[in-house]
file coords_14.pdb (PDB, C-alpha atoms and all ligand atoms)
ATOM      1  CA  MET A  29      14.818  14.785  -8.827
ATOM      2  CA  THR A  30      12.256  13.514  -6.333
ATOM      3  CA  ILE A  31      11.187   9.883  -6.403
ATOM      4  CA  ARG A  32       7.400   9.402  -6.421
ATOM      5  CA  VAL A  33       6.816   6.372  -4.224
ATOM      6  CA  ILE A  34       4.013   4.282  -2.733
ATOM      7  CA  ILE A  35       5.086   2.386   0.387
ATOM      8  CA  ASP A  36       3.293  -0.910   1.129
ATOM      9  CA  CYS A  37       3.950  -2.157   4.642
ATOM     10  CA  ASP A  38       2.940  -4.225   7.681
ATOM     11  CA  PRO A  39       4.057  -2.094  10.681
ATOM     12  CA  GLY A  40       5.858  -3.735  12.499
ATOM     13  CA  VAL A  41       8.779  -2.077  14.209
ATOM     14  CA  ASP A  42      11.206  -2.087  11.299
ATOM     15  CA  ASP A  43       8.447  -0.890   8.970
ATOM     16  CA  ALA A  44       7.930   2.010  11.401
ATOM     17  CA  ILE A  45      11.610   2.947  11.281
ATOM     18  CA  ALA A  46      11.501   2.711   7.482
ATOM     19  CA  LEU A  47       8.486   5.052   7.353
ATOM     20  CA  LEU A  48      10.248   7.553   9.622
ATOM     21  CA  LEU A  49      13.317   7.496   7.383
ATOM     22  CA  ALA A  50      11.084   8.065   4.361
ATOM     23  CA  PHE A  51       9.280  10.967   6.075
ATOM     24  CA  ALA A  52      12.664  12.552   6.863
ATOM     25  CA  SER A  53      13.822  12.379   3.243
ATOM     26  CA  PRO A  54      12.784  15.216   0.898
ATOM     27  CA  GLU A  55      14.070  13.157  -2.041
ATOM     28  CA  LEU A  56      10.885  11.083  -1.685
ATOM     29  CA  ASP A  57       7.412  12.219  -2.713
ATOM     30  CA  ILE A  58       5.320   9.700  -0.770
ATOM     31  CA  LEU A  59       2.070   9.421  -2.720
ATOM     32  CA  GLY A  60       0.443   7.050  -0.248
ATOM     33  CA  ILE A  61       0.976   4.269   2.261
ATOM     34  CA  THR A  62      -0.822   0.965   1.732
ATOM     35  CA  THR A  63      -1.012  -1.568   4.534
ATOM     36  CA  VAL A  64      -1.307  -5.347   4.553
ATOM     37  CA  ALA A  65      -1.663  -8.127   7.114
ATOM     38  CA  GLY A  66       1.724  -9.508   8.105
ATOM     39  CA  ASN A  67       3.633  -8.824  11.287
ATOM     40  CA  VAL A  68       0.281  -8.244  12.989
ATOM     41  CA  PRO A  69      -3.304  -8.338  11.657
ATOM     42  CA  LEU A  70      -4.456  -5.629   9.216
ATOM     43  CA  ARG A  71      -6.527  -3.765  11.831
ATOM     44  CA  LEU A  72      -3.224  -3.100  13.631
ATOM     45  CA  THR A  73      -0.936  -2.528  10.630
ATOM     46  CA  GLN A  74      -3.253   0.143   9.216
ATOM     47  CA  SER A  75      -3.602   1.816  12.640
ATOM     48  CA  ASN A  76       0.148   1.602  13.296
ATOM     49  CA  ALA A  77       0.928   3.221   9.949
ATOM     50  CA  ARG A  78      -1.311   6.151  10.871
ATOM     51  CA  LYS A  79       0.295   6.371  14.336
ATOM     52  CA  ILE A  80       3.741   6.675  12.726
ATOM     53  CA  CYS A  81       2.474   9.341  10.319
ATOM     54  CA  GLU A  82       1.251  11.358  13.310
ATOM     55  CA  LEU A  83       4.454  10.774  15.273
ATOM     56  CA  ALA A  84       6.315  12.363  12.355
ATOM     57  CA  GLY A  85       3.665  15.051  11.842
ATOM     58  CA  ARG A  86       2.892  13.904   8.312
ATOM     59  CA  GLN A  87      -0.542  13.717   6.666
ATOM     60  CA  VAL A  88       0.205  10.973   4.147
ATOM     61  CA  PRO A  89      -2.922   9.085   3.037
ATOM     62  CA  VAL A  90      -3.035   5.558   4.515
ATOM     63  CA  TYR A  91      -5.028   2.738   2.916
ATOM     64  CA  ALA A  92      -5.967  -0.688   4.284
ATOM     65  CA  GLY A  93      -5.447  -3.629   1.933
ATOM     66  CA  CYS A  94      -5.704  -7.380   2.161
ATOM     67  CA  PRO A  95      -6.395  -8.933   5.575
ATOM     68  CA  ARG A  96      -4.935 -12.351   4.642
ATOM     69  CA  PRO A  97      -2.661 -14.059   2.097
ATOM     70  CA  LEU A  98      -3.956 -15.313  -1.262
ATOM     71  CA  VAL A  99      -4.016 -19.006  -0.349
ATOM     72  CA  ARG A 100      -2.359 -19.730   3.008
ATOM     73  CA  SER A 101      -3.905 -18.654   6.283
ATOM     74  CA  LEU A 102      -2.331 -15.635   7.929
ATOM     75  CA  GLU A 103       0.684 -16.212  10.180
ATOM     76  CA  THR A 104       1.732 -13.160  12.194
ATOM     77  CA  ALA A 105       4.872 -12.242  14.153
ATOM     78  CA  GLU A 106       3.861 -10.795  17.519
ATOM     79  CA  TYR A 107       6.803 -12.779  18.894
ATOM     80  CA  VAL A 108       9.029 -10.265  17.096
ATOM     81  CA  HIS A 109       7.051  -7.004  17.140
ATOM     82  CA  GLY A 110       4.921  -7.352  20.284
ATOM     83  CA  ALA A 111       1.140  -7.610  20.600
ATOM     84  CA  THR A 112       0.608  -4.073  19.258
ATOM     85  CA  GLY A 113       3.144  -4.446  16.462
ATOM     86  CA  LEU A 114       5.055  -1.425  17.761
ATOM     87  CA  GLN A 115       6.516  -2.822  20.969
ATOM     88  CA  GLY A 116       8.692  -0.287  22.774
ATOM     89  CA  ALA A 117       6.701   2.779  21.739
ATOM     90  CA  THR A 118       3.510   4.059  23.364
ATOM     91  CA  LEU A 119       1.703   6.080  20.712
ATOM     92  CA  PRO A 120      -1.789   7.625  20.915
ATOM     93  CA  ASP A 121      -4.673   6.278  18.848
ATOM     94  CA  PRO A 122      -4.446   7.954  15.447
ATOM     95  CA  GLN A 123      -6.635  10.920  14.531
ATOM     96  CA  LEU A 124      -5.516  10.694  10.899
ATOM     97  CA  PRO A 125      -8.443   9.019   9.137
ATOM     98  CA  LEU A 126      -8.007   5.774   7.253
ATOM     99  CA  GLN A 127      -8.728   6.293   3.562
ATOM    100  CA  PRO A 128     -12.025   4.638   2.534
ATOM    101  CA  GLN A 129     -10.613   3.202  -0.712
ATOM    102  CA  HIS A 130      -9.183  -0.327  -0.614
ATOM    103  CA  ALA A 131      -5.396  -0.328  -1.005
ATOM    104  CA  VAL A 132      -5.581  -2.584  -4.063
ATOM    105  CA  ASP A 133      -7.954  -0.181  -5.813
ATOM    106  CA  TYR A 134      -5.746   2.751  -4.798
ATOM    107  CA  LEU A 135      -2.689   1.039  -6.320
ATOM    108  CA  VAL A 136      -4.515   0.252  -9.589
ATOM    109  CA  GLU A 137      -6.163   3.679  -9.892
ATOM    110  CA  THR A 138      -3.014   5.655  -9.036
ATOM    111  CA  LEU A 139      -0.747   3.683 -11.349
ATOM    112  CA  MET A 140      -3.201   3.682 -14.274
ATOM    113  CA  GLN A 141      -3.888   7.412 -13.981
ATOM    114  CA  THR A 142      -0.308   8.668 -13.825
ATOM    115  CA  ASP A 143       2.134   9.289 -16.684
ATOM    116  CA  GLU A 144       4.975  10.017 -14.260
ATOM    117  CA  PRO A 145       7.217   7.184 -13.010
ATOM    118  CA  VAL A 146       6.131   5.633  -9.713
ATOM    119  CA  THR A 147       8.345   3.484  -7.526
ATOM    120  CA  ILE A 148       6.757   0.864  -5.282
ATOM    121  CA  ALA A 149       8.512   0.005  -2.012
ATOM    122  CA  THR A 150       7.134  -3.087  -0.272
ATOM    123  CA  LEU A 151       8.081  -3.896   3.288
ATOM    124  CA  GLY A 152       5.689  -6.771   4.008
ATOM    125  CA  PRO A 153       3.932  -9.715   2.349
ATOM    126  CA  LEU A 154       3.177  -8.992  -1.323
ATOM    127  CA  THR A 155      -0.554  -9.685  -1.185
ATOM    128  CA  ASN A 156      -1.751  -6.162  -2.066
ATOM    129  CA  LEU A 157       0.560  -5.795  -5.047
ATOM    130  CA  ALA A 158      -0.192  -9.292  -6.327
ATOM    131  CA  VAL A 159      -3.949  -8.714  -6.233
ATOM    132  CA  ALA A 160      -3.483  -5.359  -7.970
ATOM    133  CA  ILE A 161      -1.432  -7.022 -10.737
ATOM    134  CA  VAL A 162      -4.035  -9.765 -11.213
ATOM    135  CA  LYS A 163      -6.831  -7.195 -11.258
ATOM    136  CA  GLU A 164      -5.043  -4.874 -13.734
ATOM    137  CA  PRO A 165      -1.904  -6.413 -15.342
ATOM    138  CA  ARG A 166      -1.177  -3.155 -17.143
ATOM    139  CA  ILE A 167       0.068  -1.611 -13.899
ATOM    140  CA  VAL A 168       3.298  -3.604 -14.274
ATOM    141  CA  GLU A 169       4.585  -1.340 -17.064
ATOM    142  CA  LYS A 170       3.498   1.709 -15.039
ATOM    143  CA  ILE A 171       5.800   0.743 -12.139
ATOM    144  CA  ASP A 172       9.232   2.308 -12.616
ATOM    145  CA  ARG A 173      10.779  -0.140 -10.125
ATOM    146  CA  LEU A 174       9.676  -2.322  -7.233
ATOM    147  CA  VAL A 175      12.134  -2.393  -4.340
ATOM    148  CA  LEU A 176      11.160  -5.006  -1.798
ATOM    149  CA  MET A 177      12.389  -6.309   1.507
ATOM    150  CA  GLY A 178      12.034 -10.052   1.330
ATOM    151  CA  GLY A 179      13.583 -13.370   0.516
ATOM    152  CA  ALA A 180      17.047 -14.720   1.001
ATOM    153  CA  ALA A 181      19.571 -16.531  -1.167
ATOM    154  CA  GLY A 182      20.650 -18.292   2.004
ATOM    155  CA  ALA A 183      18.791 -19.307   5.145
ATOM    156  CA  GLY A 184      15.352 -18.045   6.012
ATOM    157  CA  ASN A 185      14.176 -16.544   9.294
ATOM    158  CA  VAL A 186      10.739 -18.112   9.694
ATOM    159  CA  THR A 187      11.851 -21.535   8.486
ATOM    160  CA  ALA A 188      15.289 -22.736   7.519
ATOM    161  CA  SER A 189      14.314 -21.903   3.933
ATOM    162  CA  ALA A 190      11.955 -18.934   3.930
ATOM    163  CA  GLU A 191      12.011 -15.276   4.929
ATOM    164  CA  PHE A 192       8.858 -13.952   6.631
ATOM    165  CA  ASN A 193       7.441 -11.628   3.930
ATOM    166  CA  ILE A 194       7.683 -14.295   1.240
ATOM    167  CA  TYR A 195       6.713 -17.151   3.592
ATOM    168  CA  VAL A 196       3.477 -15.471   4.694
ATOM    169  CA  ASP A 197       2.246 -15.146   1.107
ATOM    170  CA  PRO A 198       4.416 -17.189  -1.289
ATOM    171  CA  HIS A 199       1.680 -17.258  -3.948
ATOM    172  CA  ALA A 200       1.566 -13.456  -3.998
ATOM    173  CA  ALA A 201       5.357 -13.416  -4.275
ATOM    174  CA  HIS A 202       5.137 -15.791  -7.257
ATOM    175  CA  VAL A 203       2.654 -13.473  -8.996
ATOM    176  CA  VAL A 204       4.923 -10.461  -8.409
ATOM    177  CA  PHE A 205       8.243 -12.148  -9.262
ATOM    178  CA  THR A 206       6.818 -13.577 -12.533
ATOM    179  CA  SER A 207       5.008 -10.363 -13.543
ATOM    180  CA  GLY A 208       7.936  -8.847 -15.407
ATOM    181  CA  VAL A 209       8.122  -5.853 -13.057
ATOM    182  CA  ALA A 210      11.595  -4.265 -12.691
ATOM    183  CA  LEU A 211      12.501  -5.633  -9.258
ATOM    184  CA  THR A 212      15.204  -5.101  -6.663
ATOM    185  CA  MET A 213      15.182  -7.675  -3.864
ATOM    186  CA  ILE A 214      16.745  -6.743  -0.536
ATOM    187  CA  GLY A 215      16.830  -9.991   1.390
ATOM    188  CA  LEU A 216      18.221 -11.363   4.605
ATOM    189  CA  ASP A 217      21.649 -11.857   3.021
ATOM    190  CA  VAL A 218      21.966  -8.067   3.113
ATOM    191  CA  THR A 219      19.806  -7.080   6.085
ATOM    192  CA  HIS A 220      21.765  -9.441   8.308
ATOM    193  CA  GLN A 221      24.760  -7.216   7.550
ATOM    194  CA  VAL A 222      22.844  -4.194   8.923
ATOM    195  CA  LEU A 223      22.985  -4.647  12.687
ATOM    196  CA  THR A 224      21.773  -2.204  15.337
ATOM    197  CA  THR A 225      24.721  -2.308  17.696
ATOM    198  CA  GLU A 226      24.509  -0.672  21.129
ATOM    199  CA  ALA A 227      26.615   2.232  19.857
ATOM    200  CA  ARG A 228      24.309   2.773  16.884
ATOM    201  CA  LEU A 229      21.260   2.557  19.157
ATOM    202  CA  GLU A 230      22.824   5.036  21.588
ATOM    203  CA  ALA A 231      23.434   7.468  18.736
ATOM    204  CA  ILE A 232      19.671   7.458  18.065
ATOM    205  CA  ARG A 233      18.778   7.475  21.761
ATOM    206  CA  SER A 234      20.966  10.571  22.258
ATOM    207  CA  ILE A 235      18.687  12.602  19.980
ATOM    208  CA  ASP A 236      16.289  14.431  22.287
ATOM    209  CA  THR A 237      13.153  14.384  20.154
ATOM    210  CA  PRO A 238       9.897  12.404  20.473
ATOM    211  CA  VAL A 239      10.566  10.676  17.139
ATOM    212  CA  ALA A 240      14.092   9.558  18.027
ATOM    213  CA  GLN A 241      13.042   8.453  21.504
ATOM    214  CA  ALA A 242      10.176   6.396  20.052
ATOM    215  CA  ALA A 243      12.527   4.896  17.457
ATOM    216  CA  ALA A 244      15.116   4.045  20.108
ATOM    217  CA  GLY A 245      12.435   2.512  22.309
ATOM    218  CA  MET A 246      11.216   0.287  19.483
ATOM    219  CA  LEU A 247      14.724  -0.681  18.407
ATOM    220  CA  LYS A 248      15.681  -1.607  21.973
ATOM    221  CA  PHE A 249      13.164  -4.439  21.975
ATOM    222  CA  TYR A 250      13.230  -5.278  18.288
ATOM    223  CA  GLY A 251      15.353  -8.143  17.091
ATOM    224  CA  GLU A 252      15.601 -10.139  20.287
ATOM    225  CA  TYR A 253      14.044 -13.029  18.356
ATOM    226  CA  ASP A 254      16.624 -12.743  15.556
ATOM    227  CA  ARG A 255      19.464 -12.441  18.058
ATOM    228  CA  GLN A 256      18.409 -15.620  19.823
ATOM    229  CA  GLN A 257      17.484 -17.553  16.658
ATOM    230  CA  PHE A 258      20.652 -16.693  14.781
ATOM    231  CA  GLY A 259      22.951 -16.243  17.791
ATOM    232  CA  MET A 260      23.623 -12.718  16.611
ATOM    233  CA  SER A 261      25.347 -10.175  18.791
ATOM    234  CA  ASP A 262      23.046  -7.440  17.527
ATOM    235  CA  SER A 263      19.689  -7.130  15.770
ATOM    236  CA  PRO A 264      19.343  -6.900  11.993
ATOM    237  CA  LEU A 265      17.288  -3.980  10.669
ATOM    238  CA  HIS A 266      15.372  -5.063   7.596
ATOM    239  CA  ASP A 267      12.815  -2.631   6.126
ATOM    240  CA  PRO A 268      14.728   0.674   6.380
ATOM    241  CA  CYS A 269      17.236  -0.843   3.914
ATOM    242  CA  VAL A 270      14.573  -0.465   1.202
ATOM    243  CA  ILE A 271      14.235   3.267   1.852
ATOM    244  CA  ALA A 272      18.010   3.694   2.129
ATOM    245  CA  TYR A 273      18.325   1.994  -1.275
ATOM    246  CA  LEU A 274      15.955   4.545  -2.781
ATOM    247  CA  LEU A 275      17.926   7.386  -1.224
ATOM    248  CA  GLN A 276      21.476   6.142  -1.718
ATOM    249  CA  PRO A 277      21.601   3.011  -3.902
ATOM    250  CA  ASP A 278      25.396   3.085  -3.783
ATOM    251  CA  LEU A 279      25.207   1.939  -0.178
ATOM    252  CA  PHE A 280      24.372  -1.466  -1.640
ATOM    253  CA  THR A 281      25.727  -3.792  -4.307
ATOM    254  CA  VAL A 282      23.295  -5.802  -6.428
ATOM    255  CA  LYS A 283      23.600  -8.635  -8.932
ATOM    256  CA  SER A 284      21.110  -9.621 -11.655
ATOM    257  CA  LEU A 285      19.973 -13.175 -10.946
ATOM    258  CA  PRO A 286      16.950 -15.351 -11.763
ATOM    259  CA  VAL A 287      14.686 -15.871  -8.752
ATOM    260  CA  ALA A 288      11.884 -18.421  -8.348
ATOM    261  CA  ILE A 289       9.504 -18.934  -5.421
ATOM    262  CA  GLU A 290       9.058 -22.398  -3.938
ATOM    263  CA  LEU A 291       5.318 -23.182  -3.720
ATOM    264  CA  ALA A 292       5.090 -26.974  -3.553
ATOM    265  CA  SER A 293       7.334 -28.231  -0.788
ATOM    266  CA  PRO A 294       5.755 -28.232   2.693
ATOM    267  CA  GLN A 295       9.248 -27.949   4.205
ATOM    268  CA  SER A 296      10.573 -25.089   2.052
ATOM    269  CA  ILE A 297       7.487 -23.228   0.813
ATOM    270  CA  GLY A 298       8.255 -19.513   0.445
ATOM    271  CA  ARG A 299      11.934 -20.056  -0.278
ATOM    272  CA  THR A 300      13.389 -17.638  -2.838
ATOM    273  CA  ILE A 301      15.498 -19.860  -5.090
ATOM    274  CA  VAL A 302      18.148 -17.402  -6.187
ATOM    275  CA  GLY A 303      20.368 -18.011  -9.206
ATOM    276  CA  HIS A 304      19.418 -21.586  -9.994
ATOM    277  CA  SER A 305      15.839 -21.400 -11.189
ATOM    278  CA  ILE A 306      14.696 -23.502 -14.073
ATOM    279  CA  ASP A 307      14.595 -20.705 -16.627
ATOM    280  CA  GLU A 308      17.714 -18.639 -16.204
ATOM    281  CA  GLN A 309      16.589 -15.942 -18.605
ATOM    282  CA  LYS A 310      13.176 -15.211 -17.133
ATOM    283  CA  ASN A 311      12.335 -13.443 -13.894
ATOM    284  CA  ARG A 312      15.727 -11.798 -13.476
ATOM    285  CA  VAL A 313      15.919  -9.711 -10.339
ATOM    286  CA  ASP A 314      18.491  -7.256  -8.996
ATOM    287  CA  VAL A 315      19.394  -9.141  -5.843
ATOM    288  CA  ALA A 316      21.186  -7.068  -3.204
ATOM    289  CA  GLN A 317      24.507  -8.612  -2.193
ATOM    290  CA  SER A 318      26.055  -6.260   0.343
ATOM    291  CA  ALA A 319      25.424  -3.096   2.343
ATOM    292  CA  ASN A 320      27.628  -0.386   3.834
ATOM    293  CA  SER A 321      26.155  -0.590   7.327
ATOM    294  CA  ASP A 322      28.159   2.280   8.809
ATOM    295  CA  ALA A 323      26.958   4.640   6.100
ATOM    296  CA  PHE A 324      23.415   3.251   6.459
ATOM    297  CA  TYR A 325      23.234   4.080  10.169
ATOM    298  CA  GLN A 326      24.825   7.465   9.547
ATOM    299  CA  LEU A 327      22.032   8.189   7.058
ATOM    300  CA  LEU A 328      19.294   6.820   9.332
ATOM    301  CA  THR A 329      20.492   8.687  12.432
ATOM    302  CA  THR A 330      21.079  11.976  10.626
ATOM    303  CA  ARG A 331      17.650  11.845   9.007
ATOM    304  CA  LEU A 332      15.779  10.820  12.171
ATOM    305  CA  ALA A 333      17.251  13.869  13.918
ATOM    306  CA  THR A 334      15.459  16.140  11.421
ATOM    307  CA  LEU A 335      11.949  14.983  12.412
TER
HETATM  308  O1  LIG A 401      11.797 -10.915   7.494
HETATM  309  C1  LIG A 401      11.727  -9.576   7.890
HETATM  310  C2  LIG A 401      10.539  -8.908   7.285
HETATM  311  O2  LIG A 401       9.332  -9.517   7.762
HETATM  312  C3  LIG A 401      10.409  -7.431   7.682
HETATM  313  O3  LIG A 401       9.729  -6.740   6.668
HETATM  314  C4  LIG A 401       9.567  -7.490   8.914
HETATM  315  O4  LIG A 401       8.876  -6.257   9.166
HETATM  316  C5  LIG A 401       8.584  -8.567   8.540
HETATM  317  O5  LIG A 401       7.574  -7.971   7.735
HETATM  318 CA    CA A 402       7.728  -5.435   7.298
END
call {"tool": "encode", "arguments": {"input": "coords_14.pdb", "output": "structure tokens", "more": "lines below"}}
Ligand code: RIB
Ligand code: CA
result
Amino acid sequence: MTIRVIIDCDPGVDDAIALLLAFASPELDILGITTVAGNVPLRLTQSNARKICELAGRQVPVYAGCPRPLVRSLETAEYVHGATGLQGATLPDPQLPLQPQHAVDYLVETLMQTDEPVTIATLGPLTNLAVAIVKEPRIVEKIDRLVLMGGAAGAGNVTASAEFNIYVDPHAAHVVFTSGVALTMIGLDVTHQVLTTEARLEAIRSIDTPVAQAAAGMLKFYGEYDRQQFGMSDSPLHDPCVIAYLLQPDLFTVKSLPVAIELASPQSIGRTIVGHSIDEQKNRVDVAQSANSDAFYQLLTTRLATL
């Protein structure tokens, strides 16, 4: 059975790898790609998403969404992804047109019009989805499941407390996490188990196709920041874990826990408080606990070779 999915993202190198994995997976019926400001400004995330579609030879409709968070000013991550957002790959300007409809309106219209289950996969700040929920709360019951990359039960990566996607727009995260949507959270606790070792990178680099060479080029540069910040031997790969979860959920273990978003503290704003929120019974989330990283890279590498 194919999974009908809308992917919301902020490409971003790991978003790009996640999109390529999704394009290489016939189990997924990708209805559309919505883009948001995050790793780099929206004018680049929407263009980068279209570049990746063309790299993979796919004509998936791409929509531009919100250019800034709900309340905070935008903080980007060129220090991780490069000035273009796709450091390590030189891709031509996209010919694939950007859809004229705003991503928020596309989300609301698509979800309200369909009777078939739709999964939402978010790989960036949750601004688009939060605005869509505020605009039309009824979309929540139309979403079969939201699988997101974001948060951390433990340490953050932008601050000691907060992971980037939640930190950039914590108010949007609060709207989404308190909406009642069925939610699986794949946070740093898991993605820091999924490390692109030199051997795993070489396995991708050894595939003689434009897609694999572009992926290897991006992965070569990606993660230097994480390696230095966390003293890691190899770079964690975040966003493709969301797609891998859709394809093979058994690669991961999850635990149902209450999750709250810190909004008040200037030192820990954007922290996902996992397991000890005030109301234990509300806002329960399937929080990913572990990942089979060998099987993950086997899946990623095998699928990339098909593009
Ligand atoms: O913290 C990692 C997340 O923030 C990833 O989604 C990365 O692409 C950035 O958006
Ligand atoms: Ca991302």
call {"tool": "residues_near_point", "arguments": {"input": "coords_14.pdb", "point": "(3.5, -12.3, -7.6)", "cutoff": "12 Å", "atoms": "all atoms listed in the file", "output": "number ranges by chain"}}
result
A: 97-98, 153-162, 165, 168, 174, 194, 197-209, 211, 287-289, 291, 298, 311
call {"tool": "closest_residue", "arguments": {"input": "coords_14.pdb", "among": "A:Val90, A:Ala181, A:Ala244, A:Ile297", "to": "Lys283 in chain A", "atoms": "only C-alpha atoms"}}
result
A:Ala181
call {"tool": "residues_near_point", "arguments": {"input": "coords_14.pdb", "point": "(9.5, -15.8, 6.6)", "cutoff": "12 Å", "atoms": "all atoms listed in the file", "output": "PyMOL selection string"}}
result
chain A and resi 66-67+102-105+108+152-153+177-180+183-198+201+215-216+254+296-300
call {"tool": "closest_residue", "arguments": {"input": "coords_14.pdb", "among": "A:Tyr325, A:Tyr107, A:Tyr273, A:Tyr134", "to": "ligand LIG 401 (chain A)", "atoms": "all atoms listed in the file"}}
result
A:Tyr107
call {"tool": "residues_near_ligand", "arguments": {"input": "coords_14.pdb", "ligand": "ligand CA 402 (chain A)", "cutoff": "7 Å", "atoms": "only C-alpha atoms and all ligand atoms", "output": "MDAnalysis selection string"}}
result
chainID A and resid 37:40 42:43 67 151:152 267
call {"tool": "closest_residue", "arguments": {"input": "coords_14.pdb", "among": "A:Thr281, A:Gln317, A:Gln295, A:Thr62", "to": "Arg78 in chain A", "atoms": "all atoms listed in the file"}}
result
A:Thr62
call {"tool": "residues_around", "arguments": {"input": "coords_14.pdb", "residues": "Ile167 in chain A", "least_positions_apart": "4", "cutoff": "9 Å", "atoms": "all atoms listed in the file", "output": "NGL selection string"}}
result
:A and (135-136 or 139-140 or 160-161 or 171)
call {"tool": "atom_distance", "arguments": {"input": "coords_14.pdb", "atom1": "CA of Glu164 in chain A", "atom2": "CA of Leu126 in chain A"}}
result
23.7 Å
call {"tool": "closest_residue", "arguments": {"input": "coords_14.pdb", "among": "A:Cys94, A:Ala131, A:Val218, A:Leu274", "to": "ligand LIG 401 (chain A)", "atoms": "all atoms listed in the file"}}
result
A:Val218
call {"tool": "residues_around", "arguments": {"input": "coords_14.pdb", "residues": "Glu82 in chain A", "least_positions_apart": "5", "cutoff": "10 Å", "atoms": "all atoms listed in the file", "output": "list of chain:residue names"}}
result
A:Asn76, A:Ala77, A:Gln87, A:Val88, A:Leu119, A:Pro120, A:Asp121, A:Pro122, A:Gln123, A:Leu124
call {"tool": "closest_residue", "arguments": {"input": "coords_14.pdb", "among": "A:Leu72, A:Ile61, A:Ile148, A:Ala117", "to": "Tyr91 in chain A", "atoms": "all atoms listed in the file"}}
result
A:Ile61
call {"tool": "closest_residue", "arguments": {"input": "coords_14.pdb", "among": "A:Leu332, A:Ala227, A:Leu247, A:Val175", "to": "Val313 in chain A", "atoms": "only C-alpha atoms"}}
result
A:Val175
call {"tool": "residues_around", "arguments": {"input": "coords_14.pdb", "residues": "Val222 in chain A", "least_positions_apart": "2", "cutoff": "6 Å", "atoms": "only C-alpha atoms", "output": "mmCIF file with C-alpha atoms, in the frame of the given file"}}
result
data_model
loop_
_atom_site.group_PDB
_atom_site.id
_atom_site.type_symbol
_atom_site.label_atom_id
_atom_site.label_comp_id
_atom_site.auth_asym_id
_atom_site.auth_seq_id
_atom_site.Cartn_x
_atom_site.Cartn_y
_atom_site.Cartn_z
ATOM 1 C CA THR A 219 19.806 -7.080 6.085
ATOM 2 C CA HIS A 220 21.765 -9.441 8.308
ATOM 3 C CA PRO A 264 19.343 -6.900 11.993
ATOM 4 C CA LEU A 265 17.288 -3.980 10.669
ATOM 5 C CA SER A 321 26.155 -0.590 7.327
#
call {"tool": "atom_distance", "arguments": {"input": "coords_14.pdb", "atom1": "CA of Ala65 in chain A", "atom2": "CA of Gly110 in chain A"}}
result
14.7 Å
call {"tool": "axis_aligned_box", "arguments": {"input": "coords_14.pdb", "around": "ligand LIG 401 (chain A)", "padding_each_side": "3 Å", "output": "lines of an AutoDock Vina configuration file"}}
result
center_x = 9.7
center_y = -8.6
center_z = 7.9
size_x = 10.2
size_y = 10.7
size_z = 8.5
call {"tool": "resolve_selection", "arguments": {"input": "coords_14.pdb", "expression": "the PyMOL selection byres (((chain A and resi 322) around 12) and not hetatm)", "output": "number ranges by chain"}}
result
A: 221-225, 227-228, 279-280, 319-321, 323-329
call {"tool": "atom_distance", "arguments": {"input": "coords_14.pdb", "atom1": "CA of Leu48 in chain A", "atom2": "CA of Ala84 in chain A"}}
result
6.8 Å
